[in-house]
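Worksheet: the structure to be examined is printed underneath.
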Amino acid sequence: MSCDLNEVLSKFDISMSAASYGNGHINDTYLVESNPKYILQKINSNVFKNPPQVMDNIEKVTNHLRKKIAEQGGDPDRETMLVIKTKDGSNYYKTEDGEYFRMYRFVDNATSYDNAENAKMFYEAARAFGRFQKLLSDFPMKELYETIPKFHDTRNRFLNLKKAIENDVCGRAAEIAEDIELALSFEDEVGVIVDGIADGSLPLRVTHNDTKLNNVLIDDITGKGLCVIDLDTVMPGSLLYDFGDALRIGASNAAEDETDLSKVTFNLEYFESFARGFLEEVGSITDRERELLAFSAMLITYECGIRFLTDYLEGDTYFKIHREKHNIDRARNQLKLACDIRSKFPQMNEIIGRIV
Ligand code: ADP
Ligand code: GN1
Ligand code: MG
């Protein structure tokens with residue numbers, strides 16, 4: 001593999017070697033320890049069916065962000081990603097085997113955290129995600145490709161789960177009957193956000209759609225949320241997707257794959273920090289968006305739970321796993337968290353009422 005990577009690196013005019021890096025579930029990420037450093041990624045083309053469209057989106061979005069950040073007196077080199085072109089001027093390299101690679105400037109002196117070390121860190125991450133949406137509020141949405149169709153269409157995710165249960169290609173359904181029963185019991189709620197978008201009560205915005213904590217780099221010196229990364233799923237969506245998705249890891253008292261479910265509970269202090277940070281930066285929101293803020297944390301957590309469950313039933317073909325049963329462990333964790341979030345709606349809505 002390292003030999004292939006060197007060949008790929010040479011296409012970007014780099015002669016150093018690269019080593020595996022980061023904890024993403026989707027792409028293969030490598031760090032090139034040159035000066036300056038670079039991130040090399042093999043785009044997961046099972047997940048992203050059209051990598052050139054992904055790169056087109058990323059180039060347009062980062063160009064827009066660079067311009068706005070510069071206008072506002074920020075440092076575009078550290079506050080947004082920089083796509084490094086190949087020697088031929090392309091924003092990706094396709095190997096003879098049909099694999100797609102891309103390169104970014106590594107943002108130095110900043111860290112990607114899998115779990116928030118304290119509420120202040122989560123508040124700063126929230127500000128960065130809120131600011132990200134605000135900076136893209138004047139981006140021409142029609143120019144974006146839908147890199148993964150129906151990505152946060154929870155009803156469609158629910159239908160995919162039902163299909164996976166029916167097909168049961170790995171014969172795993174019987175052993176997880178209780179988890180399936182719990183997952184199916186959310187049926188009445190799966191359409192709330194998508195129906196709101198369809199009937200116009202929830203506006204479409206340019207959203208990130210994958211706002212887990214390790215997709216924002218925190219500045220090592222200032223402790224501020226510096227740079228939002230992992231832009232593969234930037235698409236038109238609801239503000240609620242970014243709000244809800246960030247909370248399912250960031251405000252959990254346990255890791256996403258913790259198997260002791262008694263530890264998997266929702267932290268209201270962290271919820272308040274996130275809500276404050278995000279709402280301070282994102283700009284004005286509609287009444288319906290505000291009403292559904294707490295609900296979105298539950299729904300997007302649930303959605304992620306059934307995505308892991310579906311992947312387990314389908315034989316672990318989507319998310320990277322690091323142990324047997326990893327996806328079912330993650331699914332149980334997220335479904336437990338969704339139930340705990342639902343039990344805390346009154347306190348969460350009281351917090352939102354105080355902030356907005
Ligand atoms: P995945 O889609 O697999 O999650 P990411 O794009 O999130 O891949 O990258 C994986 C990890 O690599 C991130 O969580 C982060 O730690 C690191 N990373 C990615 N891009 C950069 C960058 N430009 N600068 C610094 N670190 C980065
Ligand atoms: C994936 O790529 P990464 O690791 O940041 C996934 C998200 C899930 C998340 C669960 C493109 O995020 O949608 O919420 O795992 N990304 C994609 O941890 O499917
Ligand atoms: Mg990531």
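Identifiers in this document derive from the order of the structure tokens: chains are assigned A, B, ..., residues are numbered from 1 separately in each chain, and ligands are numbered from 1 in order of occurrence.
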_Near-ligand residues for ligand 2, threshold 9 Å, only C-alpha atoms and all ligand atoms, as a PyMOL selection string_ = chain A and resi 23-27+44+47-48+148+151-152+209-215+229-230+232-233+245-246+248-249+256+300-301+303-305+307-308+318-320+330
*asked:* I need the strand (DSSP E) residues of segment 47-180 of chain A per DSSP on the backbone, written as an MDAnalysis selection string.
replied: chainID A and resid 83:84 93:94 100:105 110:111
*asked:* Could you list, as a VMD selection string, every residue within 10 Å of segment 121-138 of chain A, counting only C-alpha atoms and ignoring same-chain residues fewer than 4 positions away?
replied: chain A and resid 61 to 62 64 to 69 79 to 80 113 115 to 117 205 to 208 211 to 219 223 to 228 239 242 to 243 246 to 247 250 to 251 270 to 284
*Between A:Val83, A:Ile306, A:Leu31, A:Leu299, single out the one closest to Cys339 of chain A, counting only C-alpha atoms.*
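Among the listed residues, the smallest separation from Cys339 of chain A belongs to A:Leu299.
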*asked:* Set the distance at 8 Å and use only C-alpha atoms: which residues neighbour Ala19 of chain A once local chain neighbours fewer than 2 positions away are removed? I'd like the list as a PyMOL selection string.
replied: chain A and resi 17+21+30-32
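We find atom 17 (C, counted along the ligand's line) of ligand 1 and atom CA of Arg102 of chain A to be spaced 13.2 Å apart.
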*Just list the residues in segment 45-74 of chain A DSSP gives helix (DSSP H, G or I) on the backbone, as a PyMOL selection string.*
chain A and resi 51-71
*Using only C-alpha atoms, pick whichever of A:Asn267, A:Gln41, A:Asn57, A:Thr310 has the shortest atom-to-atom distance to Glu143 of chain A.*
A:Asn57
*Can you tell me, as a PyMOL selection string, what residues are no more than 9 Å from segment 190-195 of chain A when counting only C-alpha atoms, ignoring any on the same chain fewer than 6 positions away?*
chain A and resi 152-158+201-202+238+240-241+292+296+299+303
So that I have them on file, write out the residues from the current selection with N, CA and C atoms, as an mmCIF file, in the first residue's frame.
```cif
data_model
loop_
_atom_site.group_PDB
_atom_site.id
_atom_site.type_symbol
_atom_site.label_atom_id
_atom_site.label_comp_id
_atom_site.auth_asym_id
_atom_site.auth_seq_id
_atom_site.Cartn_x
_atom_site.Cartn_y
_atom_site.Cartn_z
ATOM 1 N N HIS A 152 -30.265 12.892 5.318
ATOM 2 C CA HIS A 152 -30.948 13.015 6.617
ATOM 3 C C HIS A 152 -32.465 12.879 6.477
ATOM 4 N N ASP A 153 -32.891 12.107 5.485
ATOM 5 C CA ASP A 153 -34.323 11.817 5.372
ATOM 6 C C ASP A 153 -34.600 10.633 6.301
ATOM 7 N N THR A 154 -35.013 10.949 7.528
ATOM 8 C CA THR A 154 -35.124 9.895 8.542
ATOM 9 C C THR A 154 -36.176 8.858 8.160
ATOM 10 N N ARG A 155 -37.233 9.310 7.454
ATOM 11 C CA ARG A 155 -38.252 8.332 7.055
ATOM 12 C C ARG A 155 -37.657 7.321 6.072
ATOM 13 N N ASN A 156 -36.837 7.837 5.148
ATOM 14 C CA ASN A 156 -36.197 6.934 4.203
ATOM 15 C C ASN A 156 -35.216 5.987 4.906
ATOM 16 N N ARG A 157 -34.509 6.516 5.918
ATOM 17 C CA ARG A 157 -33.607 5.651 6.711
ATOM 18 C C ARG A 157 -34.416 4.550 7.395
ATOM 19 N N PHE A 158 -35.623 4.902 7.851
ATOM 20 C CA PHE A 158 -36.501 3.942 8.516
ATOM 21 C C PHE A 158 -36.924 2.844 7.516
ATOM 22 N N SER A 201 -42.536 24.687 6.236
ATOM 23 C CA SER A 201 -42.461 25.274 7.582
ATOM 24 C C SER A 201 -41.023 25.275 8.116
ATOM 25 N N LEU A 202 -40.151 24.472 7.522
ATOM 26 C CA LEU A 202 -38.721 24.504 7.888
ATOM 27 C C LEU A 202 -37.919 24.921 6.654
ATOM 28 N N SER A 238 -31.638 21.071 6.727
ATOM 29 C CA SER A 238 -32.243 21.871 7.794
ATOM 30 C C SER A 238 -31.191 22.217 8.829
ATOM 31 N N LEU A 240 -31.670 22.058 11.717
ATOM 32 C CA LEU A 240 -31.863 21.057 12.772
ATOM 33 C C LEU A 240 -30.950 19.850 12.592
ATOM 34 N N TYR A 241 -30.536 19.567 11.359
ATOM 35 C CA TYR A 241 -29.620 18.442 11.140
ATOM 36 C C TYR A 241 -28.290 18.728 11.849
ATOM 37 N N LEU A 292 -38.368 22.826 17.417
ATOM 38 C CA LEU A 292 -37.879 21.455 17.179
ATOM 39 C C LEU A 292 -36.415 21.240 17.582
ATOM 40 N N SER A 296 -34.832 17.614 17.603
ATOM 41 C CA SER A 296 -33.838 17.226 16.585
ATOM 42 C C SER A 296 -32.690 16.431 17.202
ATOM 43 N N LEU A 299 -34.086 13.001 17.340
ATOM 44 C CA LEU A 299 -34.337 12.352 16.044
ATOM 45 C C LEU A 299 -33.032 12.012 15.313
ATOM 46 N N GLU A 303 -31.739 8.493 14.239
ATOM 47 C CA GLU A 303 -31.422 8.209 12.830
ATOM 48 C C GLU A 303 -30.056 7.537 12.705
#
```
*In terms of the shortest atom-to-atom distance over only C-alpha atoms and all ligand atoms, which of A:Ile197, A:Met298, A:Met103, A:Leu5 is closest to ligand 1?*
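Smallest separation from ligand 1 among the options: A:Met103.
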*From the set A:Pro51, A:Met235, A:Ser112, A:Asp56, which residue has the shortest atom-to-atom contact distance to ligand 3, counting only C-alpha atoms and all ligand atoms?*
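Selected residue with least distance to ligand 3: A:Ser112.
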_Residue nearest Ala177 of chain A among A:Val8, A:Ile328, A:Leu82, A:Ala254 (counting only C-alpha atoms)_ =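 For Ala177 of chain A, the nearest of the candidates is A:Ile328.
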